[in-house]
Amino acid sequence: ISSKIFRKEIMSLVETDWLENNKDKVKIIDCSWHMPQTKRNGFEEYKTQHIPESIFFDLDDNSDKNTNLPHMLVNKNEWEKIVSKMGIKNEDMIIIYDNSDVVSSCRCWFNFIYYGHDPKLVHVLNGGLKKWLEEKRKVTNNLSKVMKSDYKSFENQELVKNKDSINQNIETQNFRVVDARSKERFEGKVPEPREGLKSGNIKNSVCIPFGSCLNQDRTFRNKQELEKIFQSSLKNLNDKNIVFSCGSGVTACVLALAYSLINDKYRPCIYDGSWAEYGLI
């Protein structure tokens with residue numbers, strides 16, 4: 001399927017009607033993940049209802065198990081195993097959705113780009129399962145049969161920052177750090193939801209709460225509105241040296257996707273450890 005069929009302004013997003021008409025030409029991933037305090041289980045919900053033919057991607061399970069930090073990226077070989085088991089091939093167009101308040105599909109979108117999938121072939125469903133259901137589109141509880149593939153990847157290591165590079169940047173200011181957490185958490189006015197973390201933020205970072213980029217129905221705001229939101233914290237919307245951070249590396253990717261909608265030269269860059277690492281007491 002040619003990505004030329006996409007209008008330029010929705011490079012990272014597809015709409016529900018487009019997906020309904022092209023379901024058989026793409027691989028669909030359900031990446032629903034919920035904050036621990038919500039007591040919701042993405043996989044259990046997926047087994048009850050999901051978009052037909054979608055495959056579940058478990059954000060916790062498909063993260064590095066050798067660290068206490070949440071959602072850290074796995075190594076290249078591990079990623080190849082994960083994606084091959086999902087039956088996804090390198091040339092597949094992928095549409096990712098979720099049923100989550102934190103728009104976790106954006107993290108999966110970032111992961112695929114980080115591991116070398118063609119960014120033009122990786123998209124998030126605008127509005128996710130919530131919008132799909134509101135429009136009374138078809139869902140199922142049938143689990144699709146998957147034919148294993150032989151997926152190959154390479155790591156775009158420049159798309160991830162670690163704690164050392166974040167600390168170094170406080171002096172050099174080579175890139176701008178934008179935090180996706182709420183203003184209250186960023187300013188240290190409320191305790192962090194994860195235990196063992198201090199309150200506050202990375203020195204010289206700015207805050208754009210990820211929710212400000214979304215409409216009430218969890219679709220992304222339009223380009224003009226997004227430009228206004230980013231302009232209030234970033235002077236130059238053509239800046240490519242932007243690194244997004246958050247609590248655990250999930251909502252940072254919501255901002256990265258939102259920014260890619262207004263700056264099509266931007267390649268998503270994330271501080272993978274985010275505040276879960278930086279705020280450790």
# chains A, B, ... in the order shown; residues from 1 in each chain; ligands from 1
$ closest_atom_pairs --of "stretch 224-267 of chain A" --to "stretch 198-214 of chain A" --cutoff "7 Å" --atoms "only C-alpha atoms" --output "CSV"
residue,atom,partner,partner_atom,distance
A:Leu226,CA,A:Cys213,CA,6.3
A:Ser233,CA,A:Val206,CA,6.7
A:Thr251,CA,A:Phe210,CA,6.3
A:Val254,CA,A:Phe210,CA,6.3
A:Leu255,CA,A:Phe210,CA,5.8
A:Ala258,CA,A:Cys213,CA,6.8
$ residues_around --residues "stretch 90-100 of chain A" --least-positions-apart "2" --cutoff "7 Å" --atoms "only C-alpha atoms" --output "ChimeraX atom specification"
/A:26-34,88,102-105,109,117,121-125,128-130,151-152
$ residues_around --residues "A:Asn167" --least-positions-apart "3" --cutoff "12 Å" --atoms "only C-alpha atoms" --output "PyMOL selection string"
chain A and resi 161-164+170-175+177+202-205+271+278
$ closest_atom_pairs --of "stretch 209-263 of chain A" --to "stretch 14-25 of chain A" --cutoff "12 Å" --atoms "only C-alpha atoms" --output "Markdown table"
| residue | atom | partner | partner_atom | distance |
| --- | --- | --- | --- | --- |
| A:Thr219 | CA | A:Glu15 | CA | 9.4 |
| A:Phe220 | CA | A:Glu15 | CA | 10.7 |
| A:Leu261 | CA | A:Val14 | CA | 11.9 |
$ write_last_selection --atoms "C-alpha atoms" --output "tab-separated table (two decimals), in the first residue's frame"
chain	number	residue	atom	x	y	z
A	219	THR	CA	-8.26	13.11	19.08
A	220	PHE	CA	-5.33	15.41	18.43
A	261	LEU	CA	2.24	17.09	13.09
$ atom_distance --atom1 "atom CA of A:Lys131" --atom2 "atom CA of A:Asp217"
7.0 Å
$ closest_residue --among "A:Ile262, A:Ile82, A:Ile55, A:Leu73" --to "A:Ser12" --atoms "only C-alpha atoms"
A:Ile262
$ closest_residue --among "A:Asn68, A:Asn156, A:Asn77, A:Ser260" --to "A:Leu280" --atoms "only C-alpha atoms"
A:Asn68
$ atom_distance --atom1 "atom CA of A:Phe110" --atom2 "atom CA of A:Leu234"
21.6 Å
$ closest_residue --among "A:Arg176, A:Lys89, A:Lys189, A:Arg107" --to "A:Val146" --atoms "only C-alpha atoms"
A:Lys89
$ closest_residue --among "A:Gly279, A:Leu237, A:Ser245, A:Lys136" --to "A:Leu197" --atoms "only C-alpha atoms"
A:Gly279
